[in-house]
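Everything below concerns the one structure shown next.
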Amino acid sequence: MSASQQKKRRQNQAPAAASQNDSSSRGAWIAGSIGVAVLVVLAIFFAILNSGLLQNHTTAATVGSHELSPVMYNYFYKDVYTQSLAGYMTDPNKSLADQVYDTTTGQSWADFLSQETNSLIAETYGVYDAAMEAGYTMTEDDTATVDEYMASLSSQAASQGVSANAYLASAYGTGSNTDNFREYRELLQVATSYQSVYSDSLTYTAEDIAAYYSEHKEELDVYDYRSFTCSVDSTETDEEGNTIVDSAASEEQAKEMAEAVQGDETAFAEQARDNAPEDQKSNYADDDATLTSQATANNLPENIKEWLTDTSRAYGDTTTIENEDGSWKVVMFVSGPEKFDVNTRTVRHILIEATETDDEAVANTEAEIRAQEILDEYLAGDQTEDAFAALAVEHSADSTAADGGLIVNICPGDMVEPFEDWCFDESRKPGDTGIVESDYGYHVMYYVGEGGNAMDYRTETDMRSNDVSNWVVELGEAQTVTTHSFGMFFTDAD
């Protein structure tokens with residue numbers, strides 16, 4: 001081949017080579033362009049994700065005619081999660097979702113939380129729909145309650161140096177803000193208030209109450225008692241090397257203690273301290289360490305239940321009972337259902353707390369003086385219930401201040417002892433006033449009067465609570481909660 005022919009061949013081949021190079025360049029450029037495009041799309045997606053747009057404008061679940069955004073679903077889920085966390089989490093080294101809630105069914109925490117969240121959603125919207133159907137609208141008190149809640153939330157956020165929206169986002173996730181959170185709180189408020197409306201609409205006859213009490217006696221009858229276990233070790237050990245209790249010596253100690261207390265609660269507490277092993281004496285420093293209060297009959301230990309629930313039992317009765325391990329229990333009867341055979345009491349009070357200071361005596365004295373000043377102000381005025389209520393609104397540190405310090409239908413065991421003793425004093429008359437000292441501070445008291453029988457009141461309250469609870473469950477069961485995978489992706493439950 002001549003030189004000219006070789007040149008011509010190279011020239012004929014050159015365009016093909018150039019074409020291959022251009023194609024390779026274009027491929028690299030296209031691949032690069034696609035990569036950039038993917039990055040741009042991802043950047044846009046995450047920008048949208050972090051903006052809260054998807055969390056607020058997609059549907060995570062539907063219930064009836066209601067569509068719940070991921071944000072709204074998260075409010076229910078996080079509240080269930082928080083409550084469950086405190087009550088059920090057992091292994092700090094595992095995440096909540098990895099722990100098994102029910103070992104029988106193998107239900108995971110994730111399944112449990114989703115189930116509880118959906119139940120709460122169904123019941124809340126069930127009651128809400130019932131309220132709407134009945135024509136219920138938010139009252140001024142409802143609005144004020146929500147306003148106070150939102151104000152408290154803003155204060156908490158400010159104390160942490162963040163905005164309310166940032167505070168909500170950190171607690172409930174991206175997309176949470178004061179607008180949608182207020183919507184959530186208003187929903188809950190309507191449901192809560194309408195439950196009260198429904199509860200107040202329920203009426204019961206004396207026969208209804210008597211029949212319910214008869215059927216639920218063991219759940220309603222409560223007992224106060226003192227107990228202490230005498231356990232004297234023997235020199236013997238079991239197969240596992242544990243010391244065996246000397247039952248005879250334990251019984252002797254128990255009988256001596258029972259004889260020494262002679263129905264005296266203070267003596268019982270002192271004997272418990274004397275008989276407790278050295279390494280446990282500090283557990284009985286408080287006189288009430290041996291006292292069990294408001295124990296329902298069906299929750300009493302089996303070996304003392306029959307003795308305690310004997311209708312002939314009277315205050316101070318004391319006995320000794322053997323335990324399964326050979327130790328002996330000393331038991332003193334303090335009170336039973338008969339203590340509720342009195343009328344309830346209604347009072348108003350003004351709580352004056354002692355100022356926090358290093359000198360407790362001075363703080364208590366100042367609180368007592370302040371309580372007396374307020375009582376003197378009342379006595380120098382009209383001396384009416386309304387006048388007392390106004391002073392409570394102005395001065396009381398108790399949560400009842402907004403209601404003029406009103407506490408209605410007080411039953412035995414409801415209040416701290418000094419407060420309750422004043423209320424149930426047989427000489428008490430409507431309009432009586434006084435000052436009571438308790439662990440909470442000084443209470444300026446105003447006696448309103450008696451209500452109905454305390455046991456009937458407790459029974460009716462239990463009936464009402466059960467009926468309302470059953471009503472809420474029925475409304476929830478009539479609802480169907482349907483979750484949607486795309487929207488659920490943006491919730492913490494996914």
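Numbering starts fresh at 1 for the residues of each chain in the structure tokens, the chains themselves are lettered A, B, ... in the order given, and ligands are numbered from 1 as they appear.
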Please return, as an MDAnalysis selection string, all residues of region 100-312 of chain A that DSSP assigns to alpha helix (DSSP H) on the basis of the backbone. chainID A and resid 109:133 140:159 164:172 178:201 206:215 217:220 247:261 265:275 302:308
Within 10 Å of Ile244 (chain A), counting only C-alpha atoms, which residues show up once you throw out same-chain ones fewer than 5 positions away? Write them as number ranges by chain, please. A: 231-238, 325-327
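Note that CA of Val190 (chain A) and CA of Thr203 (chain A) are 22.3 Å apart.
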Within 9 Å of region 395-406 of chain A using only C-alpha atoms, minus same-chain residues under 2 positions, as a count of residues only: 18
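Pairwise distance (CA of Asp492 (chain A), CA of Asn74 (chain A)) equals 6.6 Å.
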Can you tell me which residues surround region 328-340 of chain A at a distance of at most 8 Å, considering only C-alpha atoms, apart from same-chain residues fewer than 6 positions away, and format the answer as an MDAnalysis selection string? chainID A and resid 221:231 247 250:251 254:255 257:258 263 304 308:309 313:322 411:412 453:455
Write to file, as a PDB file, in the first residue's frame, the residues of the selection just made, with C-alpha atoms.
```
ATOM      1  CA  ASP A 221     -65.347  -2.213 100.180  1.00  0.00           C
ATOM      2  CA  VAL A 222     -62.002  -0.892 101.393  1.00  0.00           C
ATOM      3  CA  TYR A 223     -60.008  -1.602 104.521  1.00  0.00           C
ATOM      4  CA  ASP A 224     -57.279   0.126 106.491  1.00  0.00           C
ATOM      5  CA  TYR A 225     -55.014  -2.136 108.506  1.00  0.00           C
ATOM      6  CA  ARG A 226     -51.545  -2.423 109.968  1.00  0.00           C
ATOM      7  CA  SER A 227     -49.318  -5.424 109.452  1.00  0.00           C
ATOM      8  CA  PHE A 228     -45.830  -6.560 110.320  1.00  0.00           C
ATOM      9  CA  THR A 229     -44.067  -9.831 109.500  1.00  0.00           C
ATOM     10  CA  CYS A 230     -42.071 -11.522 112.251  1.00  0.00           C
ATOM     11  CA  SER A 231     -39.411 -13.692 110.643  1.00  0.00           C
ATOM     12  CA  SER A 247     -41.545 -20.782 112.563  1.00  0.00           C
ATOM     13  CA  SER A 250     -41.410 -16.279 114.704  1.00  0.00           C
ATOM     14  CA  GLU A 251     -44.815 -17.189 116.133  1.00  0.00           C
ATOM     15  CA  ALA A 254     -45.604 -12.254 116.775  1.00  0.00           C
ATOM     16  CA  LYS A 255     -47.758 -13.197 119.764  1.00  0.00           C
ATOM     17  CA  MET A 257     -45.957  -8.113 119.729  1.00  0.00           C
ATOM     18  CA  ALA A 258     -49.723  -8.562 119.430  1.00  0.00           C
ATOM     19  CA  GLY A 263     -54.934  -2.145 119.907  1.00  0.00           C
ATOM     20  CA  ILE A 304     -55.697 -12.243 106.160  1.00  0.00           C
ATOM     21  CA  LEU A 308     -60.180  -8.575 108.107  1.00  0.00           C
ATOM     22  CA  THR A 309     -63.537  -8.773 106.342  1.00  0.00           C
ATOM     23  CA  ARG A 313     -64.257  -6.736 113.373  1.00  0.00           C
ATOM     24  CA  ALA A 314     -63.717  -3.533 115.434  1.00  0.00           C
ATOM     25  CA  TYR A 315     -60.999  -0.881 115.587  1.00  0.00           C
ATOM     26  CA  GLY A 316     -57.818  -2.117 117.265  1.00  0.00           C
ATOM     27  CA  ASP A 317     -58.564  -5.841 116.919  1.00  0.00           C
ATOM     28  CA  THR A 318     -55.221  -7.605 116.535  1.00  0.00           C
ATOM     29  CA  THR A 319     -54.290 -11.150 115.538  1.00  0.00           C
ATOM     30  CA  THR A 320     -51.378 -13.286 114.350  1.00  0.00           C
ATOM     31  CA  ILE A 321     -51.464 -15.317 111.136  1.00  0.00           C
ATOM     32  CA  GLU A 322     -48.904 -17.750 109.726  1.00  0.00           C
ATOM     33  CA  CYS A 411     -65.524  10.830 101.629  1.00  0.00           C
ATOM     34  CA  PRO A 412     -63.490   9.312 104.477  1.00  0.00           C
ATOM     35  CA  ASN A 453     -74.342   8.838 102.157  1.00  0.00           C
ATOM     36  CA  ALA A 454     -70.649   8.377 101.413  1.00  0.00           C
ATOM     37  CA  MET A 455     -70.915   4.709 100.402  1.00  0.00           C
TER      38      MET A 455
END
```
If you run DSSP on the backbone, which residues of region 84-237 of chain A are strand (DSSP E or B), as a PyMOL selection string? chain A and resi 100-102+107-108+222-230+233-237
